[in-house]
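Text of data_27.txt (compact mmCIF, C-alpha atoms and all ligand atoms) as supplied:
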```
# COMPACT_ATOMS: atom_id res chain seq x y z
CA MET A 153 -31.10 81.96 17.95
CA ASP A 154 -28.70 84.80 17.24
CA ARG A 155 -27.20 85.80 13.98
CA ILE A 156 -24.09 83.90 12.82
CA ASN A 157 -21.25 86.36 12.24
CA ARG A 158 -18.22 84.15 11.75
CA VAL A 159 -17.84 80.52 10.64
CA LEU A 160 -14.68 78.43 10.88
CA ILE A 161 -14.09 75.38 8.66
CA THR A 162 -11.33 73.06 9.88
CA GLY A 163 -9.66 70.02 8.32
CA GLY A 164 -6.64 68.00 9.34
CA THR A 165 -7.63 68.05 12.99
CA HIS A 166 -6.40 64.49 12.58
CA GLY A 167 -3.28 64.83 10.43
CA ASN A 168 -3.76 61.68 8.33
CA GLU A 169 -7.38 62.39 7.36
CA MET A 170 -6.56 63.85 3.98
CA ILE A 171 -10.01 64.77 2.68
CA GLY A 172 -10.35 67.52 5.27
CA VAL A 173 -6.83 68.76 4.56
CA TYR A 174 -7.45 69.01 0.81
CA ALA A 175 -10.90 70.48 1.30
CA ILE A 176 -9.33 73.34 3.27
CA LYS A 177 -6.64 73.82 0.60
CA THR A 178 -9.41 73.89 -2.03
CA PHE A 179 -11.41 76.49 -0.10
CA LEU A 180 -8.27 78.61 0.28
CA SER A 181 -7.60 78.57 -3.46
CA GLN A 182 -11.29 78.99 -4.39
CA PRO A 183 -12.73 81.20 -1.64
CA ASP A 184 -15.96 81.80 -3.57
CA LEU A 185 -16.98 78.24 -2.71
CA VAL A 186 -17.37 79.16 0.95
CA ARG A 187 -18.04 82.91 0.78
CA ARG A 188 -21.51 83.99 1.83
CA SER A 189 -22.91 87.53 2.09
CA SER A 190 -24.08 87.59 5.71
CA PHE A 191 -21.08 86.17 7.61
CA GLU A 192 -17.33 85.80 7.43
CA THR A 193 -15.93 82.35 6.59
CA LEU A 194 -12.50 81.36 7.94
CA THR A 195 -10.58 78.17 7.30
CA ALA A 196 -7.82 76.48 9.29
CA LEU A 197 -5.74 73.33 9.23
CA GLY A 198 -6.16 71.84 12.69
CA ASN A 199 -2.88 70.03 13.22
CA PRO A 200 -0.15 71.21 10.78
CA GLU A 201 2.67 69.16 12.37
CA ALA A 202 0.65 65.94 12.22
CA ILE A 203 -0.41 66.71 8.63
CA ALA A 204 3.26 67.12 7.66
CA ALA A 205 4.06 63.80 9.36
CA ASN A 206 0.93 62.08 7.91
CA ARG A 207 -0.02 60.98 11.41
CA ARG A 208 -3.20 61.35 13.44
CA TYR A 209 -1.31 63.40 16.03
CA ILE A 210 2.20 64.05 17.35
CA ASP A 211 1.86 63.74 21.14
CA HIS A 212 -1.85 63.55 21.89
CA ASP A 213 -5.15 63.51 19.98
CA LEU A 214 -5.86 67.19 19.18
CA ASN A 215 -9.58 66.44 19.15
CA ARG A 216 -9.32 65.51 22.84
CA SER A 217 -7.19 68.52 23.80
CA PHE A 218 -9.71 71.33 24.21
CA GLY A 219 -11.57 72.64 27.11
CA THR A 220 -11.62 70.72 30.34
CA PRO A 221 -9.77 72.46 33.19
CA ALA A 222 -7.69 69.38 34.05
CA GLN A 223 -6.19 69.45 30.56
CA LEU A 224 -5.21 73.11 30.62
CA GLY A 225 -1.49 73.45 31.15
CA ALA A 226 -0.71 69.93 29.89
CA THR A 227 2.44 69.74 27.79
CA GLY A 228 3.03 68.43 24.26
CA TYR A 229 2.45 69.78 20.78
CA GLU A 230 -1.32 69.33 20.60
CA TRP A 231 -1.92 71.10 23.92
CA GLN A 232 0.04 74.08 22.57
CA ARG A 233 -1.82 73.91 19.29
CA ALA A 234 -5.17 73.84 21.12
CA ALA A 235 -4.12 76.97 23.04
CA VAL A 236 -3.17 78.73 19.78
CA LEU A 237 -6.50 77.83 18.17
CA ARG A 238 -8.38 78.89 21.30
CA GLU A 239 -6.59 82.26 21.34
CA GLN A 240 -7.43 82.74 17.70
CA PHE A 241 -11.00 81.44 17.41
CA GLY A 242 -12.29 80.78 20.95
CA PRO A 243 -14.95 82.84 22.76
CA LYS A 244 -12.29 85.23 24.12
CA GLY A 245 -10.03 84.99 21.07
CA GLN A 246 -9.06 87.48 18.39
CA GLN A 247 -11.67 86.22 15.93
CA PRO A 248 -14.32 84.42 17.96
CA VAL A 249 -16.34 82.07 15.79
CA ASP A 250 -20.04 81.30 16.14
CA PHE A 251 -20.01 78.06 14.19
CA VAL A 252 -17.38 75.39 13.45
CA ILE A 253 -17.54 72.81 10.67
CA ASP A 254 -14.85 70.18 11.37
CA LEU A 255 -13.96 67.65 8.65
CA HIS A 256 -12.99 64.05 9.34
CA SER A 257 -12.72 60.65 7.69
CA THR A 258 -12.87 57.14 9.11
CA THR A 259 -11.87 53.61 8.14
CA SER A 260 -15.38 52.51 9.22
CA ASN A 261 -18.23 52.22 6.74
CA THR A 262 -20.11 55.28 7.97
CA GLY A 263 -20.96 56.76 4.59
CA VAL A 264 -21.54 60.47 5.11
CA MET A 265 -22.27 61.11 8.76
CA LEU A 266 -23.04 64.37 10.51
CA ILE A 267 -21.80 64.49 14.09
CA LEU A 268 -24.10 66.51 16.33
CA ASP A 269 -22.96 67.56 19.78
CA SER A 270 -26.33 68.99 20.75
CA LEU A 271 -29.89 68.48 19.69
CA SER A 272 -30.93 72.12 19.92
CA GLY A 273 -33.72 73.35 17.68
CA PHE A 274 -31.13 75.17 15.59
CA THR A 275 -29.02 72.05 15.09
CA LEU A 276 -32.07 69.93 14.27
CA GLY A 277 -33.21 72.57 11.78
CA LEU A 278 -29.79 72.52 10.13
CA THR A 279 -29.65 68.72 9.98
CA ALA A 280 -33.21 68.55 8.65
CA TYR A 281 -32.18 70.93 5.87
CA ILE A 282 -29.02 68.96 5.04
CA SER A 283 -31.02 65.71 5.12
CA ARG A 284 -33.52 67.15 2.64
CA VAL A 285 -30.81 68.29 0.23
CA HIS A 286 -28.70 65.11 0.72
CA PRO A 287 -31.12 62.28 1.63
CA GLY A 288 -28.44 59.61 2.21
CA VAL A 289 -26.73 61.45 5.06
CA LYS A 290 -26.67 59.71 8.47
CA LEU A 291 -27.02 61.60 11.76
CA TYR A 292 -25.00 60.70 14.84
CA SER A 293 -25.55 62.38 18.18
CA SER A 294 -22.37 62.40 20.27
CA GLU A 295 -24.17 63.71 23.36
CA GLY A 296 -22.67 61.92 26.35
CA SER A 297 -19.44 60.89 24.60
CA GLY A 298 -17.33 63.76 25.97
CA ARG A 299 -16.69 65.37 22.57
CA GLN A 300 -18.82 68.39 23.48
CA GLN A 301 -16.14 69.50 25.90
CA ASP A 302 -12.78 68.49 24.47
CA SER A 303 -13.09 68.55 20.67
CA LEU A 304 -11.75 71.26 18.38
CA ARG A 305 -15.27 72.17 17.34
CA SER A 306 -16.16 72.88 20.98
CA LEU A 307 -14.42 76.25 20.38
CA ALA A 308 -17.74 77.53 19.05
CA PRO A 309 -21.21 77.55 20.63
CA HIS A 310 -22.64 75.86 17.50
CA ARG A 311 -20.94 73.22 15.40
CA ILE A 312 -21.12 70.19 13.25
CA GLY A 313 -18.65 67.42 12.45
CA ILE A 314 -18.64 65.81 9.03
CA GLU A 315 -17.32 62.23 9.02
CA VAL A 316 -16.92 60.23 5.81
CA GLY A 317 -15.90 56.63 5.24
CA PRO A 318 -14.74 54.04 4.61
CA LEU A 319 -11.36 55.47 3.77
CA ALA A 320 -7.87 54.33 4.75
CA HIS A 321 -6.00 57.00 6.68
CA GLY A 322 -3.46 58.81 4.53
CA THR A 323 -5.54 58.35 1.38
CA LEU A 324 -8.07 60.30 -0.67
CA ASN A 325 -11.32 59.28 -2.36
CA ALA A 326 -12.84 61.56 -5.00
CA GLU A 327 -16.48 60.68 -4.29
CA LEU A 328 -16.15 61.20 -0.52
CA PHE A 329 -14.16 64.41 -1.11
CA GLN A 330 -16.93 65.75 -3.35
CA LYS A 331 -19.61 64.83 -0.80
CA THR A 332 -17.68 66.53 2.00
CA LYS A 333 -17.35 69.68 -0.07
CA THR A 334 -21.04 69.85 -0.99
CA ILE A 335 -22.19 69.25 2.60
CA VAL A 336 -19.96 72.10 3.78
CA GLN A 337 -21.60 74.33 1.18
CA THR A 338 -25.11 73.19 2.14
CA THR A 339 -24.31 73.97 5.78
CA LEU A 340 -23.13 77.46 4.82
CA ASP A 341 -26.29 77.95 2.74
CA TYR A 342 -28.43 77.12 5.77
CA LEU A 343 -26.52 79.59 7.95
CA GLU A 344 -26.94 82.24 5.27
CA HIS A 345 -30.70 81.57 5.07
CA HIS A 346 -30.89 81.75 8.86
CA ASN A 347 -29.17 85.17 8.91
CA LEU A 348 -31.22 86.57 6.05
CA GLY A 349 -34.51 85.17 7.30
CA VAL A 350 -35.00 83.25 4.05
CA ALA A 351 -37.38 80.31 4.27
CA ASN A 352 -35.54 77.05 3.76
CA VAL A 353 -36.79 74.14 1.68
CA GLU A 354 -39.59 72.18 3.29
CA PRO A 355 -37.86 70.08 5.99
CA PRO A 356 -38.60 66.38 6.41
CA THR A 357 -41.24 65.59 9.03
CA GLU A 358 -39.02 63.17 10.90
CA LEU A 359 -35.31 62.60 11.46
CA THR A 360 -33.60 59.32 12.29
CA LEU A 361 -30.70 59.82 14.66
CA TYR A 362 -28.12 57.41 16.02
CA GLN A 363 -27.61 58.38 19.66
CA TYR A 364 -24.29 57.44 21.29
CA ILE A 365 -24.73 55.17 24.33
CA ASP A 366 -21.40 53.49 24.99
CA VAL A 367 -18.29 51.92 23.48
CA LEU A 368 -17.15 48.30 23.39
CA ASP A 369 -13.51 47.17 23.32
CA TYR A 370 -12.11 44.07 21.66
CA PRO A 371 -11.63 41.02 23.84
CA ARG A 372 -8.07 41.31 25.22
CA ASP A 373 -5.76 39.42 27.52
CA GLY A 374 -4.28 40.91 30.69
CA ASP A 375 -1.44 42.52 28.72
CA GLY A 376 -3.80 44.24 26.31
CA ASN A 377 -3.16 41.86 23.41
CA LEU A 378 -6.14 41.34 21.12
CA LEU A 379 -7.91 38.01 21.46
CA ALA A 380 -10.39 38.51 18.63
CA MET A 381 -11.30 40.59 15.57
CA ILE A 382 -14.60 42.05 14.39
CA HIS A 383 -16.67 39.14 13.07
CA PRO A 384 -16.84 39.10 9.25
CA GLN A 385 -20.64 39.38 9.34
CA ARG A 386 -20.35 42.60 11.35
CA GLN A 387 -17.52 44.22 9.35
CA TRP A 388 -18.78 47.20 7.25
CA GLN A 389 -22.25 46.90 8.88
CA ASP A 390 -22.34 50.33 10.55
CA TYR A 391 -25.93 51.34 11.51
CA ALA A 392 -27.23 47.75 11.21
CA PRO A 393 -29.09 46.46 14.30
CA LEU A 394 -27.15 44.16 16.63
CA TRP A 395 -29.20 41.79 18.76
CA GLN A 396 -28.17 39.76 21.77
CA GLY A 397 -26.51 36.52 20.70
CA GLU A 398 -25.48 37.73 17.24
CA PRO A 399 -21.85 37.19 16.14
CA LEU A 400 -19.73 40.19 17.10
CA PHE A 401 -16.09 39.04 17.36
CA LEU A 402 -14.12 36.12 15.96
CA THR A 403 -11.07 34.79 17.79
CA PHE A 404 -7.86 33.80 15.98
CA GLY A 405 -8.95 30.18 16.62
CA GLN A 406 -12.25 30.81 14.75
CA GLU A 407 -14.39 30.92 17.87
CA VAL A 408 -17.44 33.17 17.56
CA ILE A 409 -18.00 35.66 20.41
CA PRO A 410 -21.60 36.87 20.39
CA TYR A 411 -22.96 40.21 21.53
CA GLN A 412 -23.98 39.89 25.18
CA GLY A 413 -26.05 43.03 25.74
CA ASN A 414 -29.78 42.91 26.41
CA ALA A 415 -30.82 45.87 24.32
CA THR A 416 -30.74 46.03 20.54
CA VAL A 417 -28.07 48.51 19.52
CA TYR A 418 -26.86 50.08 16.26
CA PRO A 419 -23.04 50.03 16.15
CA VAL A 420 -21.07 52.72 14.32
CA PHE A 421 -17.32 53.30 13.93
CA ILE A 422 -16.92 49.53 13.62
CA ASN A 423 -13.20 48.63 13.36
CA GLU A 424 -11.97 52.25 13.12
CA ALA A 425 -8.18 52.01 12.87
CA ALA A 426 -7.47 54.95 15.18
CA TYR A 427 -9.63 53.52 17.96
CA TYR A 428 -7.59 50.39 18.66
CA GLU A 429 -5.33 52.44 20.96
CA LYS A 430 -8.36 53.98 22.65
CA GLY A 431 -9.79 50.57 23.54
CA ILE A 432 -12.76 50.96 21.21
CA ALA A 433 -13.86 48.25 18.76
CA LEU A 434 -17.15 49.99 18.00
CA CYS A 435 -19.49 52.66 19.35
CA LEU A 436 -22.96 51.53 20.37
CA THR A 437 -25.88 53.75 19.50
CA GLU A 438 -29.60 53.72 19.95
CA LYS A 439 -31.75 54.50 16.92
CA ARG A 440 -34.15 57.36 17.61
CA VAL A 441 -36.76 58.90 15.40
CA TYR A 442 -37.55 62.58 15.99
CA GLN A 443 -40.85 64.00 14.79
CA LEU A 444 -40.38 67.55 13.60
CA GLU A 445 -43.17 70.09 13.75
ZN ZN B 501 -10.86 62.37 12.64
```
Write-out of the structure in structure tokens:
Amino acid sequence: MDRINRVLITGGTHGNEMIGVYAIKTFLSQPDLVRRSSFETLTALGNPEAIAANRRYIDHDLNRSFGTPAQLGATGYEWQRAAVLREQFGPKGQQPVDFVIDLHSTTSNTGVMLILDSLSGFTLGLTAYISRVHPGVKLYSSEGSGRQQDSLRSLAPHRIGIEVGPLAHGTLNAELFQKTKTIVQTTLDYLEHHNLGVANVEPPTELTLYQYIDVLDYPRDGDGNLLAMIHPQRQWQDYAPLWQGEPLFLTFGQEVIPYQGNATVYPVFINEAAYYEKGIALCLTEKRVYQLE
């Protein structure tokens, strides 16, 4: 694993996720928080127009606007914005970055979640370190979800997403803000230790990871109208096991719709507000335990 020379921290990739926006403003006014001796730290607001409008995006989700050839040349504000960010920070840009930390919040009860696009030794080492310093952090592997290719953080070869919740879009929460800030700093500390060859704290011997498998939509009629809501017993229960036959949705006539799948899954992003339009009621994951050497 090579040396890290430049790190980019981004917030407001989704314009109404205010913790990331204010974290970036805080880092701009207090640069010592994110300055480290062995690499350069840059910050950027992902989607300035959407931030000004307090919306997730203007024309298209910016975090789905990077990378794949079919998307290049598409029109709309976020496609232009992605091109600007790519020219600035991408592999062939003016200031190519080696690592991106992208800050998000969710209306789901995720707590503090690290989003991992790859399970390389370097990423696992980083997450083991963060898990040791902040034991309550949850790990979510997005491998297979498409975010490796089209997300803002895919600008860099190495990256991490920080997702905190539950939080209504367009609002702040002091505790989640503070946690976001300290996890950014812990990540930078790890990168600094990596560059300087400093031994990190003793990592945990195993890591529990929630691996993305699939998504489930709400029951809908032929016109796309919702026929049911998340069942009250499932609301806020991110990471809890879901077995076949357990209540999953509740219709407006109080009829229980159970989970039909054969395998036990561990749903996350349950009832995320921004996912209604994407046809996602929850993401299904598999719980995996990694033994570390
Ligand atoms: Zn987001």
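Across A:Thr339, A:Ser303, A:Thr227, A:Thr279, the tightest approach to ligand ZN 501 (chain B) is made by A:Ser303 when counting only C-alpha atoms and all ligand atoms.
Distances to Ile253 in chain A were evaluated for A:Gly313, A:Pro384, A:Gly219, A:Gly198 using only C-alpha atoms, and the minimum falls at A:Gly313.
Proximity of A:Asp375, A:Asp213, A:Glu327, A:Glu192 to ligand ZN 501 (chain B), computed with only C-alpha atoms and all ligand atoms, is greatest for A:Asp213.
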Pick from A:Gly228, A:Pro243, A:Gly322, A:Gly273, whichever lies nearest to ligand ZN 501 (chain B) using all atoms listed in the file: A:Gly322
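Residues in contact range of Ala425 in chain A, defined as at most 12 Å between all atoms listed in the file, with sequence neighbours fewer than 5 positions away removed, read Asn168, Glu169, Arg208, Ser257, Thr258, Thr259, Ser260, Asn261, Gly317, Pro318, Leu319, Ala320, His321, Gly322, Ile382, Lys430, Gly431, Ile432, Ala433 and Leu434 of chain A.
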Of the candidates A:Ile171, A:Leu436, A:Ala380, A:Ala415, which one gets nearest to Val316 in chain A if we count all atoms listed in the file? A:Ile171
In Å, rounded to a single decimal, give me how far CA of Glu230 in chain A is from CA of Asn325 in chain A. 27.0 Å
May I ask which of the residues A:Ala280, A:Leu304, A:Tyr428, A:Phe274 is the closest one to Arg233 in chain A, counting all atoms listed in the file? A:Leu304
Mind pulling up the distance from CA of Phe421 in chain A to CA of Pro355 in chain A? 27.7 Å
What does the distance from CA of Arg440 in chain A to CA of Val264 in chain A come to in Å, to one decimal? 18.0 Å
Thr262 in chain A environment, 12 Å, all atoms listed in the file, sequence neighbours closer than 5 positions dropped, as a ChimeraX atom specification: /A:256-257,267,288-292,314-319,328,362,387-392,418-424,434-435
Can you tell me, as a PyMOL selection string, what residues are no more than 6 Å from Leu268 in chain A when counting all atoms listed in the file, ignoring any on the same chain fewer than 5 positions away? chain A and resi 293-294+312
Cut-off 8 Å around (-5.0, 65.7, 6.8) with all atoms listed in the file: residues as a ChimeraX atom specification: /A:163-174,202-203,206,322
At a cut-off of 10 Å, using only C-alpha atoms, what residues contact Asp250 in chain A? Leave out same-chain residues fewer than 2 positions from it and give the result as a PyMOL selection string. chain A and resi 154-160+191+241-243+247-248+252+307-311
What are the centre and the three edge lengths of an axis-aligned box that wraps all atoms of range 382-393 of chain A in the file, given that 4 Å is added to every side, written as JSON and rounded to one decimal in Å?
```
{"center_x": -21.8, "center_y": 45.2, "center_z": 10.8, "size_x": 22.5, "size_y": 20.2, "size_z": 15.1}
```
What would range 155-171 of chain A look like with N, CA, C and O atoms restored, written as a PDB file, in the frame of the given file?
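Final output, saved to part_30.pdb:
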```
ATOM      1  N   ARG A 155     -27.819  85.754  15.286  1.00  0.00           N
ATOM      2  CA  ARG A 155     -27.200  85.800  13.980  1.00  0.00           C
ATOM      3  C   ARG A 155     -25.821  85.139  14.029  1.00  0.00           C
ATOM      4  O   ARG A 155     -25.118  85.232  15.027  1.00  0.00           O
ATOM      5  N   ILE A 156     -25.432  84.481  12.953  1.00  0.00           N
ATOM      6  CA  ILE A 156     -24.090  83.900  12.820  1.00  0.00           C
ATOM      7  C   ILE A 156     -23.202  84.940  12.136  1.00  0.00           C
ATOM      8  O   ILE A 156     -23.510  85.390  11.031  1.00  0.00           O
ATOM      9  N   ASN A 157     -22.125  85.330  12.823  1.00  0.00           N
ATOM     10  CA  ASN A 157     -21.250  86.360  12.240  1.00  0.00           C
ATOM     11  C   ASN A 157     -19.964  85.796  11.655  1.00  0.00           C
ATOM     12  O   ASN A 157     -19.385  86.386  10.747  1.00  0.00           O
ATOM     13  N   ARG A 158     -19.508  84.686  12.222  1.00  0.00           N
ATOM     14  CA  ARG A 158     -18.220  84.150  11.750  1.00  0.00           C
ATOM     15  C   ARG A 158     -18.259  82.620  11.826  1.00  0.00           C
ATOM     16  O   ARG A 158     -18.633  82.061  12.862  1.00  0.00           O
ATOM     17  N   VAL A 159     -17.830  81.988  10.731  1.00  0.00           N
ATOM     18  CA  VAL A 159     -17.840  80.520  10.640  1.00  0.00           C
ATOM     19  C   VAL A 159     -16.405  80.057  10.384  1.00  0.00           C
ATOM     20  O   VAL A 159     -15.683  80.655   9.578  1.00  0.00           O
ATOM     21  N   LEU A 160     -16.013  79.018  11.073  1.00  0.00           N
ATOM     22  CA  LEU A 160     -14.680  78.430  10.880  1.00  0.00           C
ATOM     23  C   LEU A 160     -14.846  77.010  10.316  1.00  0.00           C
ATOM     24  O   LEU A 160     -15.588  76.200  10.870  1.00  0.00           O
ATOM     25  N   ILE A 161     -14.143  76.738   9.218  1.00  0.00           N
ATOM     26  CA  ILE A 161     -14.090  75.380   8.660  1.00  0.00           C
ATOM     27  C   ILE A 161     -12.706  74.828   8.939  1.00  0.00           C
ATOM     28  O   ILE A 161     -11.706  75.477   8.625  1.00  0.00           O
ATOM     29  N   THR A 162     -12.633  73.650   9.554  1.00  0.00           N
ATOM     30  CA  THR A 162     -11.330  73.060   9.880  1.00  0.00           C
ATOM     31  C   THR A 162     -11.208  71.669   9.252  1.00  0.00           C
ATOM     32  O   THR A 162     -12.172  70.916   9.165  1.00  0.00           O
ATOM     33  N   GLY A 163      -9.998  71.355   8.821  1.00  0.00           N
ATOM     34  CA  GLY A 163      -9.660  70.020   8.320  1.00  0.00           C
ATOM     35  C   GLY A 163      -8.287  69.662   8.855  1.00  0.00           C
ATOM     36  O   GLY A 163      -7.539  70.540   9.296  1.00  0.00           O
ATOM     37  N   GLY A 164      -7.951  68.388   8.831  1.00  0.00           N
ATOM     38  CA  GLY A 164      -6.640  68.000   9.340  1.00  0.00           C
ATOM     39  C   GLY A 164      -6.525  68.141  10.848  1.00  0.00           C
ATOM     40  O   GLY A 164      -5.428  68.246  11.389  1.00  0.00           O
ATOM     41  N   THR A 165      -7.654  68.137  11.525  1.00  0.00           N
ATOM     42  CA  THR A 165      -7.630  68.050  12.990  1.00  0.00           C
ATOM     43  C   THR A 165      -6.934  66.739  13.369  1.00  0.00           C
ATOM     44  O   THR A 165      -6.193  66.671  14.349  1.00  0.00           O
ATOM     45  N   HIS A 166      -7.198  65.717  12.556  1.00  0.00           N
ATOM     46  CA  HIS A 166      -6.400  64.490  12.580  1.00  0.00           C
ATOM     47  C   HIS A 166      -5.532  64.518  11.318  1.00  0.00           C
ATOM     48  O   HIS A 166      -6.063  64.571  10.204  1.00  0.00           O
ATOM     49  N   GLY A 167      -4.202  64.503  11.512  1.00  0.00           N
ATOM     50  CA  GLY A 167      -3.280  64.830  10.430  1.00  0.00           C
ATOM     51  C   GLY A 167      -3.280  63.873   9.250  1.00  0.00           C
ATOM     52  O   GLY A 167      -2.851  64.239   8.158  1.00  0.00           O
ATOM     53  N   ASN A 168      -3.768  62.643   9.441  1.00  0.00           N
ATOM     54  CA  ASN A 168      -3.760  61.680   8.330  1.00  0.00           C
ATOM     55  C   ASN A 168      -5.141  61.513   7.696  1.00  0.00           C
ATOM     56  O   ASN A 168      -5.364  60.559   6.951  1.00  0.00           O
ATOM     57  N   GLU A 169      -6.060  62.425   7.984  1.00  0.00           N
ATOM     58  CA  GLU A 169      -7.380  62.390   7.360  1.00  0.00           C
ATOM     59  C   GLU A 169      -7.374  63.416   6.235  1.00  0.00           C
ATOM     60  O   GLU A 169      -7.677  64.599   6.413  1.00  0.00           O
ATOM     61  N   MET A 170      -6.980  62.944   5.059  1.00  0.00           N
ATOM     62  CA  MET A 170      -6.560  63.850   3.980  1.00  0.00           C
ATOM     63  C   MET A 170      -7.695  64.596   3.298  1.00  0.00           C
ATOM     64  O   MET A 170      -7.479  65.657   2.717  1.00  0.00           O
ATOM     65  N   ILE A 171      -8.914  64.068   3.351  1.00  0.00           N
ATOM     66  CA  ILE A 171     -10.010  64.770   2.680  1.00  0.00           C
ATOM     67  C   ILE A 171     -10.199  66.157   3.288  1.00  0.00           C
ATOM     68  O   ILE A 171     -10.331  67.151   2.577  1.00  0.00           O
TER      69      ILE A 171
END
```
